[in-house]
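What follows is the content of target10.cif (mmCIF, C-alpha atoms and all ligand atoms).
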data_target
#
loop_
_atom_site.group_PDB
_atom_site.id
_atom_site.type_symbol
_atom_site.label_atom_id
_atom_site.label_comp_id
_atom_site.auth_asym_id
_atom_site.auth_seq_id
_atom_site.Cartn_x
_atom_site.Cartn_y
_atom_site.Cartn_z
ATOM 1 C CA MET L 301 -5.449 23.938 -4.586
ATOM 2 C CA ARG L 302 -7.375 25.719 -7.347
ATOM 3 C CA GLN L 303 -9.081 23.223 -9.618
ATOM 4 C CA ARG L 304 -8.279 23.703 -13.293
ATOM 5 C CA LYS L 305 -9.776 21.652 -16.059
ATOM 6 C CA VAL L 306 -7.157 19.204 -17.244
ATOM 7 C CA LYS L 307 -7.195 18.419 -20.949
ATOM 8 C CA HIS L 308 -7.520 14.751 -21.866
ATOM 9 C CA GLU L 309 -7.482 13.856 -18.182
ATOM 10 C CA ALA L 310 -8.675 10.255 -18.601
ATOM 11 C CA GLU L 311 -6.097 9.464 -21.314
ATOM 12 C CA ARG L 312 -3.313 11.097 -19.337
ATOM 13 C CA PHE L 313 -4.328 9.211 -16.190
ATOM 14 C CA ASP L 314 -4.267 5.909 -18.084
ATOM 15 C CA ALA L 315 -0.763 6.672 -19.374
ATOM 16 C CA VAL L 316 0.656 7.030 -15.840
ATOM 17 C CA ARG L 317 -1.659 4.664 -13.988
ATOM 18 C CA GLU L 318 1.261 2.513 -12.797
ATOM 19 C CA TYR L 319 2.576 5.423 -10.694
ATOM 20 C CA ALA L 320 -0.496 5.310 -8.459
ATOM 21 C CA VAL L 321 -1.602 2.448 -6.231
ATOM 22 C CA ALA L 322 -4.641 0.635 -7.665
ATOM 23 C CA ASP L 323 -6.045 -0.896 -4.456
ATOM 24 C CA ALA L 324 -4.351 1.042 -1.697
ATOM 25 C CA LYS L 325 -6.357 -0.415 1.209
ATOM 26 C CA ALA L 326 -5.224 -3.913 0.171
ATOM 27 C CA MET L 327 -1.632 -2.715 0.702
ATOM 28 C CA LYS L 328 -2.176 -2.312 4.443
ATOM 29 C CA GLY L 329 0.665 -4.194 6.175
ATOM 30 C CA ARG L 330 2.183 -5.093 2.778
ATOM 31 C CA TRP L 331 3.907 -1.881 1.687
ATOM 32 C CA GLY L 332 7.244 -3.555 2.358
ATOM 33 C CA GLU L 333 6.503 -5.960 -0.524
ATOM 34 C CA ARG L 334 6.040 -3.009 -2.895
ATOM 35 C CA PHE L 335 9.195 -1.267 -1.618
ATOM 36 C CA PRO L 336 11.446 -4.011 -0.236
ATOM 37 C CA GLY L 337 14.141 -2.940 2.221
ATOM 38 C CA LYS L 338 13.073 0.707 2.257
ATOM 39 C CA ASP L 339 11.882 2.881 5.105
ATOM 40 C CA LEU L 340 8.409 4.198 4.267
ATOM 41 C CA TYR L 341 7.272 7.810 4.472
ATOM 42 C CA LEU L 342 3.791 9.225 3.865
ATOM 43 C CA GLU L 343 2.854 12.690 2.674
ATOM 44 C CA MET L 344 -0.789 13.585 3.345
ATOM 45 C CA GLY L 345 -2.168 15.819 0.560
ATOM 46 C CA CYS L 346 0.881 15.784 -1.702
ATOM 47 C CA GLY L 347 -0.581 18.125 -4.328
ATOM 48 C CA ARG L 348 1.398 17.985 -7.568
ATOM 49 C CA GLY L 349 4.168 15.990 -5.910
ATOM 50 C CA GLN L 350 7.012 18.479 -5.818
ATOM 51 C CA PHE L 351 8.050 17.600 -2.242
ATOM 52 C CA LEU L 352 7.433 13.874 -2.794
ATOM 53 C CA ALA L 353 9.652 13.755 -5.893
ATOM 54 C CA LYS L 354 12.449 15.770 -4.301
ATOM 55 C CA GLN L 355 12.495 13.527 -1.254
ATOM 56 C CA ALA L 356 12.496 10.405 -3.434
ATOM 57 C CA LEU L 357 15.463 11.761 -5.415
ATOM 58 C CA LEU L 358 17.427 12.813 -2.367
ATOM 59 C CA HIS L 359 16.761 9.599 -0.422
ATOM 60 C CA PRO L 360 16.818 6.540 -2.697
ATOM 61 C CA GLU L 361 17.095 4.415 0.460
ATOM 62 C CA ASN L 362 13.522 5.420 1.388
ATOM 63 C CA ALA L 363 10.137 5.149 -0.316
ATOM 64 C CA TYR L 364 7.605 7.980 -0.403
ATOM 65 C CA ILE L 365 3.850 7.526 -0.632
ATOM 66 C CA GLY L 366 1.782 10.626 -1.381
ATOM 67 C CA THR L 367 -1.964 10.875 -0.965
ATOM 68 C CA GLU L 368 -3.986 13.257 -3.080
ATOM 69 C CA CYS L 369 -7.776 13.250 -3.318
ATOM 70 C CA ARG L 370 -8.148 15.452 -6.397
ATOM 71 C CA VAL L 371 -7.596 13.247 -9.409
ATOM 72 C CA SER L 372 -6.490 16.119 -11.664
ATOM 73 C CA VAL L 373 -3.847 17.079 -9.079
ATOM 74 C CA ALA L 374 -2.791 13.487 -8.333
ATOM 75 C CA LEU L 375 -2.306 13.119 -12.091
ATOM 76 C CA ARG L 376 0.377 15.835 -12.005
ATOM 77 C CA ALA L 377 2.179 14.043 -9.175
ATOM 78 C CA MET L 378 2.071 10.763 -11.107
ATOM 79 C CA GLU L 379 3.423 12.485 -14.236
ATOM 80 C CA LEU L 380 6.224 13.982 -12.147
ATOM 81 C CA ILE L 381 7.139 10.528 -10.795
ATOM 82 C CA ARG L 382 7.221 9.187 -14.374
ATOM 83 C CA ALA L 383 9.458 12.113 -15.400
ATOM 84 C CA GLY L 384 11.950 11.183 -12.671
ATOM 85 C CA GLY L 385 11.117 14.380 -10.801
ATOM 86 C CA ASN L 386 12.346 16.361 -13.760
ATOM 87 C CA ASP L 387 9.767 19.024 -14.320
ATOM 88 C CA GLU L 388 8.703 21.755 -11.938
ATOM 89 C CA VAL L 389 10.999 20.203 -9.367
ATOM 90 C CA HIS L 390 13.892 21.214 -11.591
ATOM 91 C CA ARG L 391 12.768 24.836 -11.461
ATOM 92 C CA ASN L 392 12.396 24.814 -7.674
ATOM 93 C CA LEU L 393 15.867 23.886 -6.634
ATOM 94 C CA LEU L 394 17.193 23.235 -3.200
ATOM 95 C CA PRO L 395 19.218 25.858 -1.384
ATOM 96 C CA GLY L 396 23.001 25.925 -1.159
ATOM 97 C CA GLU L 397 25.277 23.052 -2.016
ATOM 98 C CA ARG L 398 22.428 20.546 -2.239
ATOM 99 C CA ARG L 399 21.388 22.273 -5.461
ATOM 100 C CA GLU L 400 24.241 20.699 -7.428
ATOM 101 C CA VAL L 401 23.534 17.264 -5.993
ATOM 102 C CA PHE L 402 19.903 17.649 -6.933
ATOM 103 C CA GLU L 403 20.571 18.821 -10.493
ATOM 104 C CA ALA L 404 22.765 15.768 -11.049
ATOM 105 C CA LEU L 405 20.012 13.527 -9.703
ATOM 106 C CA VAL L 406 17.187 14.875 -11.850
ATOM 107 C CA SER L 407 19.284 14.592 -14.992
ATOM 108 C CA GLU L 408 18.769 10.814 -14.762
ATOM 109 C CA LYS L 409 15.204 11.262 -16.093
ATOM 110 C CA GLU L 410 14.207 7.672 -15.242
ATOM 111 C CA PRO L 411 10.837 7.221 -13.485
ATOM 112 C CA LEU L 412 11.291 7.386 -9.719
ATOM 113 C CA PRO L 413 11.294 3.790 -8.414
ATOM 114 C CA ASN L 414 10.684 4.844 -4.808
ATOM 115 C CA ALA L 415 7.598 7.056 -5.002
ATOM 116 C CA THR L 416 3.921 6.422 -5.574
ATOM 117 C CA VAL L 417 0.553 8.097 -5.133
ATOM 118 C CA ILE L 418 -2.704 7.083 -3.503
ATOM 119 C CA ALA L 419 -5.208 9.079 -5.549
ATOM 120 C CA GLU L 420 -7.916 8.965 -2.892
ATOM 121 C CA MET L 421 -9.432 10.988 -0.062
ATOM 122 C CA ILE L 422 -7.875 9.530 3.088
ATOM 123 C CA LEU L 423 -10.379 9.635 5.937
ATOM 124 C CA ASP L 424 -8.666 7.130 8.249
ATOM 125 C CA PRO L 425 -4.982 6.453 7.501
ATOM 126 C CA ARG L 426 -5.289 3.228 9.528
ATOM 127 C CA ASP L 427 -7.344 1.784 6.651
ATOM 128 C CA TYR L 428 -4.197 1.965 4.500
ATOM 129 C CA PHE L 429 -1.305 1.339 6.889
ATOM 130 C CA ALA L 430 -0.735 -1.200 9.649
ATOM 131 C CA ASP L 431 0.442 -0.178 13.099
ATOM 132 C CA GLY L 432 4.094 0.871 13.041
ATOM 133 C CA GLU L 433 4.416 0.446 9.262
ATOM 134 C CA LEU L 434 5.753 3.951 8.570
ATOM 135 C CA SER L 435 8.920 5.776 9.615
ATOM 136 C CA GLY L 436 7.541 9.287 9.179
ATOM 137 C CA ILE L 437 4.593 11.366 8.019
ATOM 138 C CA TYR L 438 4.494 14.823 6.438
ATOM 139 C CA CYS L 439 1.533 17.215 6.425
ATOM 140 C CA ASN L 440 2.568 20.079 4.167
ATOM 141 C CA PHE L 441 0.275 23.095 3.819
ATOM 142 C CA SER L 442 -2.876 21.161 4.599
ATOM 143 C CA ASP L 443 -6.223 22.765 3.819
ATOM 144 C CA PRO L 444 -7.046 24.926 6.883
ATOM 145 C CA TRP L 445 -10.814 24.255 7.036
ATOM 146 C CA PRO L 446 -11.346 27.435 9.100
ATOM 147 C CA LYS L 447 -14.978 26.805 10.124
ATOM 148 C CA SER L 448 -15.198 24.985 13.456
ATOM 149 C CA ARG L 449 -17.889 22.641 12.105
ATOM 150 C CA HIS L 450 -15.228 21.379 9.649
ATOM 151 C CA GLU L 451 -12.605 20.827 12.345
ATOM 152 C CA LYS L 452 -12.569 17.051 11.854
ATOM 153 C CA ARG L 453 -11.523 17.492 8.218
ATOM 154 C CA ARG L 454 -8.259 19.190 9.203
ATOM 155 C CA LEU L 455 -5.420 16.748 8.649
ATOM 156 C CA THR L 456 -4.055 17.623 12.094
ATOM 157 C CA SER L 457 -7.312 17.058 14.003
ATOM 158 C CA ARG L 458 -7.221 14.709 16.944
ATOM 159 C CA SER L 459 -8.374 11.584 15.110
ATOM 160 C CA TYR L 460 -5.775 12.055 12.359
ATOM 161 C CA LEU L 461 -2.982 12.674 14.907
ATOM 162 C CA GLU L 462 -3.945 9.542 16.807
ATOM 163 C CA ALA L 463 -3.965 7.571 13.561
ATOM 164 C CA TYR L 464 -0.528 8.943 12.579
ATOM 165 C CA ARG L 465 0.897 7.855 15.898
ATOM 166 C CA ALA L 466 -0.541 4.375 15.463
ATOM 167 C CA ILE L 467 0.818 3.801 11.948
ATOM 168 C CA CYS L 468 4.276 5.225 12.729
ATOM 169 C CA ARG L 469 6.874 3.051 14.373
ATOM 170 C CA PRO L 470 8.130 4.124 17.812
ATOM 171 C CA GLY L 471 10.826 6.702 17.075
ATOM 172 C CA GLY L 472 9.055 7.759 13.869
ATOM 173 C CA PHE L 473 7.924 11.334 13.343
ATOM 174 C CA LEU L 474 5.213 13.680 12.123
ATOM 175 C CA ALA L 475 6.412 16.895 10.435
ATOM 176 C CA ILE L 476 3.947 19.702 9.752
ATOM 177 C CA LYS L 477 4.437 22.898 7.765
ATOM 178 C CA THR L 478 1.822 25.578 7.213
ATOM 179 C CA ASP L 479 1.393 29.227 6.308
ATOM 180 C CA ASN L 480 -1.780 29.395 8.398
ATOM 181 C CA ASP L 481 -1.526 30.784 11.963
ATOM 182 C CA ASP L 482 -4.924 29.472 13.059
ATOM 183 C CA LEU L 483 -4.275 25.969 11.776
ATOM 184 C CA PHE L 484 -0.867 25.972 13.439
ATOM 185 C CA ARG L 485 -2.318 27.086 16.798
ATOM 186 C CA PHE L 486 -5.034 24.432 16.489
ATOM 187 C CA THR L 487 -2.407 21.791 15.705
ATOM 188 C CA LEU L 488 -0.230 22.643 18.714
ATOM 189 C CA GLU L 489 -3.310 22.708 20.970
ATOM 190 C CA THR L 490 -4.401 19.310 19.692
ATOM 191 C CA ILE L 491 -0.959 17.875 20.370
ATOM 192 C CA ASN L 492 -1.207 19.331 23.873
ATOM 193 C CA GLU L 493 -4.669 17.804 24.417
ATOM 194 C CA LEU L 494 -3.339 14.436 23.315
ATOM 195 C CA HIS L 495 -0.573 14.869 25.857
ATOM 196 C CA GLU L 496 -3.133 15.434 28.596
ATOM 197 C CA GLY L 497 -5.014 12.354 27.414
ATOM 198 C CA VAL L 498 -2.001 10.121 27.360
ATOM 199 C CA GLU L 499 -0.676 11.363 30.688
ATOM 200 C CA THR L 500 -3.533 9.660 32.481
ATOM 201 C CA ARG L 501 -2.518 6.401 30.781
ATOM 202 C CA ARG L 502 1.049 7.101 31.885
ATOM 203 C CA THR L 503 2.465 5.633 28.699
ATOM 204 C CA ASP L 504 3.350 8.730 26.709
ATOM 205 C CA THR L 505 4.821 12.158 27.150
ATOM 206 C CA VAL L 506 4.689 15.326 25.104
ATOM 207 C CA ARG L 507 6.883 18.347 25.533
ATOM 208 C CA MET L 508 5.417 21.711 24.664
ATOM 209 C CA PRO L 509 7.669 24.670 23.835
ATOM 210 C CA GLY L 510 9.406 25.884 26.962
ATOM 211 C CA GLU L 511 8.810 22.731 28.971
ATOM 212 C CA PRO L 512 11.870 20.800 30.099
ATOM 213 C CA ALA L 513 12.699 17.646 28.143
ATOM 214 C CA GLU L 514 11.591 14.399 29.758
ATOM 215 C CA SER L 515 12.610 10.910 28.828
ATOM 216 C CA ALA L 516 9.849 8.623 27.612
ATOM 217 C CA PRO L 517 8.938 5.620 29.738
ATOM 218 C CA ALA L 518 10.728 2.494 28.526
ATOM 219 C CA ASP L 519 7.480 0.694 27.690
ATOM 220 C CA GLY L 520 5.589 3.697 26.280
ATOM 221 C CA ARG L 521 5.281 5.788 23.101
ATOM 222 C CA SER L 522 6.499 9.351 23.366
ATOM 223 C CA PHE L 523 4.842 12.346 21.682
ATOM 224 C CA VAL L 524 7.615 14.911 21.865
ATOM 225 C CA ILE L 525 7.855 18.231 20.043
ATOM 226 C CA GLU L 526 11.389 17.965 18.745
ATOM 227 C CA GLU L 527 11.563 20.948 16.395
ATOM 228 C CA LEU L 528 9.429 24.087 16.311
ATOM 229 C CA SER L 529 9.617 27.343 14.400
ATOM 230 C CA TYR L 530 7.239 30.200 13.671
ATOM 231 C CA ASP L 531 9.525 31.323 10.836
ATOM 232 C CA LEU L 532 11.072 28.237 9.286
ATOM 233 C CA HIS L 533 13.053 30.045 6.603
ATOM 234 C CA SER L 534 14.837 32.257 9.143
ATOM 235 C CA SER L 535 15.520 29.314 11.468
ATOM 236 C CA ASP L 536 18.319 26.778 11.817
ATOM 237 C CA TYR L 537 16.055 24.236 10.116
ATOM 238 C CA ALA L 538 16.014 26.203 6.830
ATOM 239 C CA ALA L 539 19.158 24.554 5.423
ATOM 240 C CA LYS L 540 17.622 21.076 5.502
ATOM 241 C CA ASP L 541 14.149 22.170 4.371
ATOM 242 C CA VAL L 542 12.780 20.589 1.207
ATOM 243 C CA THR L 543 10.162 22.975 -0.119
ATOM 244 C CA THR L 544 6.724 22.208 -1.489
ATOM 245 C CA GLN L 545 4.956 23.991 -4.319
ATOM 246 C CA TYR L 546 2.749 25.962 -1.901
ATOM 247 C CA GLU L 547 5.732 26.779 0.270
ATOM 248 C CA ASP L 548 7.657 28.326 -2.643
ATOM 249 C CA ARG L 549 4.630 30.474 -3.396
ATOM 250 C CA PHE L 550 4.197 31.648 0.213
ATOM 251 C CA VAL L 551 7.892 32.326 0.702
ATOM 252 C CA ALA L 552 7.950 34.432 -2.493
ATOM 253 C CA ARG L 553 5.142 36.527 -0.980
ATOM 254 C CA GLY L 554 7.045 36.933 2.309
ATOM 255 C CA THR L 555 4.665 34.756 4.367
ATOM 256 C CA LYS L 556 6.313 33.145 7.392
ATOM 257 C CA ILE L 557 6.183 29.369 7.405
ATOM 258 C CA LYS L 558 5.238 27.646 10.648
ATOM 259 C CA TYR L 559 6.852 24.255 11.317
ATOM 260 C CA VAL L 560 6.658 21.569 13.978
ATOM 261 C CA LYS L 561 8.135 18.076 14.156
ATOM 262 C CA VAL L 562 6.797 15.592 16.667
ATOM 263 C CA ARG L 563 8.676 12.415 17.553
ATOM 264 C CA PHE L 564 6.610 9.348 18.467
HETATM 265 C C1 LIG I 1 -3.185 23.158 0.002
HETATM 266 S S1 LIG I 1 -2.748 21.760 -0.913
HETATM 267 C C2 LIG I 1 -1.014 21.553 -0.546
HETATM 268 C C3 LIG I 1 -0.316 20.658 -1.530
HETATM 269 C C4 LIG I 1 1.173 20.344 -1.231
HETATM 270 N N1 LIG I 1 1.299 19.583 0.009
HETATM 271 C C5 LIG I 1 2.008 21.595 -1.161
HETATM 272 O O1 LIG I 1 2.403 21.976 -0.058
HETATM 273 O O2 LIG I 1 2.292 22.172 -2.223
HETATM 274 C C6 LIG I 1 -3.471 20.442 0.035
HETATM 275 C C7 LIG I 1 -3.784 19.216 -0.803
HETATM 276 O O3 LIG I 1 -4.231 18.173 0.042
HETATM 277 C C8 LIG I 1 -5.257 17.452 -0.625
HETATM 278 N N2 LIG I 1 -6.043 16.789 0.435
HETATM 279 C C9 LIG I 1 -6.748 17.400 1.405
HETATM 280 N N3 LIG I 1 -7.320 16.500 2.225
HETATM 281 C C10 LIG I 1 -6.955 15.274 1.777
HETATM 282 C C11 LIG I 1 -7.225 13.938 2.217
HETATM 283 N N4 LIG I 1 -7.956 13.693 3.298
HETATM 284 N N5 LIG I 1 -6.695 12.920 1.520
HETATM 285 C C12 LIG I 1 -5.930 13.162 0.413
HETATM 286 N N6 LIG I 1 -5.641 14.408 -0.036
HETATM 287 C C13 LIG I 1 -6.140 15.455 0.637
HETATM 288 C C14 LIG I 1 -5.993 18.512 -1.420
HETATM 289 O O4 LIG I 1 -6.665 17.984 -2.529
HETATM 290 C C15 LIG I 1 -4.863 19.454 -1.839
HETATM 291 O O5 LIG I 1 -4.340 19.142 -3.123
#

Show this structure as structure tokens.
Amino acid sequence: MRQRKVKHEAERFDAVREYAVADAKAMKGRWGERFPGKDLYLEMGCGRGQFLAKQALLHPENAYIGTECRVSVALRAMELIRAGGNDEVHRNLLPGERREVFEALVSEKEPLPNATVIAEMILDPRDYFADGELSGIYCNFSDPWPKSRHEKRRLTSRSYLEAYRAICRPGGFLAIKTDNDDLFRFTLETINELHEGVETRRTDTVRMPGEPAESAPADGRSFVIEELSYDLHSSDYAAKDVTTQYEDRFVARGTKIKYVKVRF
């Protein structure tokens, strides 16, 4: 995301401080206390929070935690949470009949009670979440880090994928969207490598496109590609898609969105 100078950043941050988590690592294993009775979802690199706020509005039964390492960008997400999602979200409406539902929801204008931001660079998600604490994780339009020496920084590199699987409950999911062909290929290959790794332990399975479905062993954790598209907006998954700020931009330019959902 292009860095712009934000006017009065410190004052603005102070004004919305309560919409970010002060000591996020101390929340490990305790997110249920912050959001009692809710299923927890994480968005890695939430940007200005458009997707986070929409999800929070559409699913009051869940809680959404966004991570964003650039303070000036996290600030925009926090301001959007305070505004009840009523800002740029309002101008980027959902398709079809969900649009009306959404417009009614944003008109509430109360701060979103079920969304928050971790305004930090997340290197190991396991520092912030206990095993099985989350129901799902989203990686939307992650930075591609095209140079191979930066591979480990990609949010779908092996160590991140392993961490996601650990902090998601069995039956939870990881959903990834990207405009970037190389990052998408890398991501699918990494999932495949993990499959090869877990096969030797005989506790997990992964199904790559074209492979027949297998059932997971009763005592194991599966790693199954459940949904896959190289052109999300022309696919059957389009109707349920909740767009991000980057996604709206890419779709307007005619870029095809790549999408995969893995079930743990
Ligand atoms: C390309 S932007 C996409 C933003 C948003 N998800 C969207 O689709 O509109 C990726 C964002 O992830 C953030 N980011 C990248 N690595 C991160 C990390 N390890 N922890 C937290 N945020 C990260 C960046 O600062 C950037 O704002």

Item to complete: Pull out every residue that the PyMOL selection byres (((chain L and resi 455-457) around 12) and not hetatm) matches in the shown coordinates and put them as a ChimeraX atom specification.
Response: /L:343-345,367,421-425,437-445,448,450-454,458-465,474-478,482-494,560,562

Next, write the just-selected residues to a file, as a compact mmCIF listing (two decimals), in the coordinates of the input, keeping C-alpha atoms as the atom set.
# COMPACT_ATOMS: atom_id res chain seq x y z
CA GLU L 343 2.85 12.69 2.67
CA MET L 344 -0.79 13.58 3.34
CA GLY L 345 -2.17 15.82 0.56
CA THR L 367 -1.96 10.88 -0.96
CA MET L 421 -9.43 10.99 -0.06
CA ILE L 422 -7.88 9.53 3.09
CA LEU L 423 -10.38 9.64 5.94
CA ASP L 424 -8.67 7.13 8.25
CA PRO L 425 -4.98 6.45 7.50
CA ILE L 437 4.59 11.37 8.02
CA TYR L 438 4.49 14.82 6.44
CA CYS L 439 1.53 17.22 6.42
CA ASN L 440 2.57 20.08 4.17
CA PHE L 441 0.28 23.10 3.82
CA SER L 442 -2.88 21.16 4.60
CA ASP L 443 -6.22 22.76 3.82
CA PRO L 444 -7.05 24.93 6.88
CA TRP L 445 -10.81 24.26 7.04
CA SER L 448 -15.20 24.98 13.46
CA HIS L 450 -15.23 21.38 9.65
CA GLU L 451 -12.60 20.83 12.34
CA LYS L 452 -12.57 17.05 11.85
CA ARG L 453 -11.52 17.49 8.22
CA ARG L 454 -8.26 19.19 9.20
CA ARG L 458 -7.22 14.71 16.94
CA SER L 459 -8.37 11.58 15.11
CA TYR L 460 -5.78 12.06 12.36
CA LEU L 461 -2.98 12.67 14.91
CA GLU L 462 -3.94 9.54 16.81
CA ALA L 463 -3.96 7.57 13.56
CA TYR L 464 -0.53 8.94 12.58
CA ARG L 465 0.90 7.86 15.90
CA LEU L 474 5.21 13.68 12.12
CA ALA L 475 6.41 16.90 10.44
CA ILE L 476 3.95 19.70 9.75
CA LYS L 477 4.44 22.90 7.76
CA THR L 478 1.82 25.58 7.21
CA ASP L 482 -4.92 29.47 13.06
CA LEU L 483 -4.28 25.97 11.78
CA PHE L 484 -0.87 25.97 13.44
CA ARG L 485 -2.32 27.09 16.80
CA PHE L 486 -5.03 24.43 16.49
CA THR L 487 -2.41 21.79 15.70
CA LEU L 488 -0.23 22.64 18.71
CA GLU L 489 -3.31 22.71 20.97
CA THR L 490 -4.40 19.31 19.69
CA ILE L 491 -0.96 17.88 20.37
CA ASN L 492 -1.21 19.33 23.87
CA GLU L 493 -4.67 17.80 24.42
CA LEU L 494 -3.34 14.44 23.32
CA VAL L 560 6.66 21.57 13.98
CA VAL L 562 6.80 15.59 16.67

Discussion item. Need the shell around Phe473 (chain L): protein/DNA/RNA residues with any atom at most 8 Å away, counting all atoms listed in the file. Skip same-chain ones fewer than 6 positions apart. Format as a ChimeraX atom specification?
Written reply: /L:435-437,561-564

Worksheet entry | the PyMOL selection byres (((chain L and resi 468) around 6) and not hetatm) applied to the shown file, residues as a ChimeraX atom specification | /L:432-435,465-467,469,472

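The two atoms in question, CA of Phe429 (chain L) and CA of Asn386 (chain L), are spaced 29.0 Å apart.
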
Item to complete: Go ahead and find all residues with at least one atom no further than 6 Å from (11.7, 9.8, -16.3) in the file's coordinates, using all atoms listed in the file; report them as an MDAnalysis selection string.
Response: chainID L and resid 382:384 409:411

Discussion item. Just to confirm, what's the straight-line distance from CA of Leu352 (chain L) to CA of Leu340 (chain L) in Å (one decimal)?
Written reply: 12.0 Å

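Distances from L:Pro446, L:Pro470, L:Gly329, L:Gly347 to ligand LIG 1 (chain I) were compared using all atoms listed in the file, and the smallest one belongs to L:Gly347.
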
Worksheet item: Mind pulling up the distance from CA of Gly554 (chain L) to atom C12 of ligand LIG 1 (chain I)?
Response: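 It comes out at 27.1 Å.
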
Practice prompt. Report as JSON, numbers by chain the residues that result from applying the PyMOL selection byres (((chain L and resi 362) around 10) and not hetatm) to the structure here.
Written response: {"L": [335, 336, 337, 338, 339, 340, 341, 355, 356, 357, 358, 359, 360, 361, 363, 364, 414, 415, 435]}

Discussion item. So, with all atoms listed in the file as the atoms that count, which of L:Arg370, L:Lys354, L:Lys447, L:Lys558 lies closest to His533 (chain L)?
Written reply: L:Lys558

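Candidate residues L:Asp536, L:Glu420, L:Asp431, L:Glu379 were compared for distance to ligand LIG 1 (chain I), and the nearest is L:Glu420, using all atoms listed in the file.
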
Worksheet item: Of the candidates L:Tyr319, L:Lys328, L:Asp427, L:Ile418, which shows the shortest atom-to-atom distance to ligand LIG 1 (chain I), using all atoms listed in the file?
Response: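 Selected residue with least distance to ligand LIG 1 (chain I): L:Ile418.
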
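Residue nearest ligand LIG 1 (chain I) within the list L:Phe550, L:Arg449, L:Arg348, L:Ala377: L:Arg348 [criterion: smallest interatomic distance, all atoms listed in the file].
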
Worksheet item: Between L:Val316, L:Leu375, L:Cys369, L:Val542, which is the closest to ligand LIG 1 (chain I) once you count all atoms listed in the file?
Response: L:Cys369

Axis-aligned box for all listed atoms of ligand LIG 1 (chain I), 8 Å per side, centre and edges in Å to one decimal, as AutoDock Vina command-line options:
--center_x -2.8 --center_y 18.0 --center_z 0.1 --size_x 26.4 --size_y 26.2 --size_z 22.4

Please, can region 315-327 of chain L be completed to N, CA and C atoms and returned as a PDB file, keeping the file's coordinate frame?
ATOM      1  N   ALA L 315      -2.171   6.762 -18.961  1.00  0.00           N
ATOM      2  CA  ALA L 315      -0.763   6.672 -19.374  1.00  0.00           C
ATOM      3  C   ALA L 315       0.204   6.585 -18.181  1.00  0.00           C
ATOM      4  N   VAL L 316      -0.248   7.054 -17.011  1.00  0.00           N
ATOM      5  CA  VAL L 316       0.656   7.030 -15.840  1.00  0.00           C
ATOM      6  C   VAL L 316       0.070   6.219 -14.682  1.00  0.00           C
ATOM      7  N   ARG L 317      -0.929   5.417 -15.012  1.00  0.00           N
ATOM      8  CA  ARG L 317      -1.659   4.664 -13.988  1.00  0.00           C
ATOM      9  C   ARG L 317      -0.725   3.882 -13.053  1.00  0.00           C
ATOM     10  N   GLU L 318       0.357   3.354 -13.610  1.00  0.00           N
ATOM     11  CA  GLU L 318       1.261   2.513 -12.797  1.00  0.00           C
ATOM     12  C   GLU L 318       1.973   3.294 -11.692  1.00  0.00           C
ATOM     13  N   TYR L 319       1.913   4.623 -11.740  1.00  0.00           N
ATOM     14  CA  TYR L 319       2.576   5.423 -10.694  1.00  0.00           C
ATOM     15  C   TYR L 319       1.620   5.790  -9.557  1.00  0.00           C
ATOM     16  N   ALA L 320       0.423   5.223  -9.602  1.00  0.00           N
ATOM     17  CA  ALA L 320      -0.496   5.310  -8.459  1.00  0.00           C
ATOM     18  C   ALA L 320      -0.791   3.892  -7.995  1.00  0.00           C
ATOM     19  N   VAL L 321      -1.299   3.765  -6.777  1.00  0.00           N
ATOM     20  CA  VAL L 321      -1.602   2.448  -6.231  1.00  0.00           C
ATOM     21  C   VAL L 321      -3.060   2.129  -6.544  1.00  0.00           C
ATOM     22  N   ALA L 322      -3.289   0.964  -7.201  1.00  0.00           N
ATOM     23  CA  ALA L 322      -4.641   0.635  -7.665  1.00  0.00           C
ATOM     24  C   ALA L 322      -5.581   0.352  -6.490  1.00  0.00           C
ATOM     25  N   ASP L 323      -5.176  -0.518  -5.575  1.00  0.00           N
ATOM     26  CA  ASP L 323      -6.045  -0.896  -4.456  1.00  0.00           C
ATOM     27  C   ASP L 323      -5.273  -0.638  -3.165  1.00  0.00           C
ATOM     28  N   ALA L 324      -5.266   0.622  -2.769  1.00  0.00           N
ATOM     29  CA  ALA L 324      -4.351   1.042  -1.697  1.00  0.00           C
ATOM     30  C   ALA L 324      -4.697   0.401  -0.351  1.00  0.00           C
ATOM     31  N   LYS L 325      -6.002   0.180  -0.093  1.00  0.00           N
ATOM     32  CA  LYS L 325      -6.357  -0.415   1.209  1.00  0.00           C
ATOM     33  C   LYS L 325      -5.833  -1.850   1.320  1.00  0.00           C
ATOM     34  N   ALA L 326      -5.746  -2.533   0.165  1.00  0.00           N
ATOM     35  CA  ALA L 326      -5.224  -3.913   0.171  1.00  0.00           C
ATOM     36  C   ALA L 326      -3.726  -3.941   0.480  1.00  0.00           C
ATOM     37  N   MET L 327      -3.080  -2.789   0.422  1.00  0.00           N
ATOM     38  CA  MET L 327      -1.632  -2.715   0.702  1.00  0.00           C
ATOM     39  C   MET L 327      -1.337  -2.642   2.198  1.00  0.00           C
TER      40      MET L 327
END
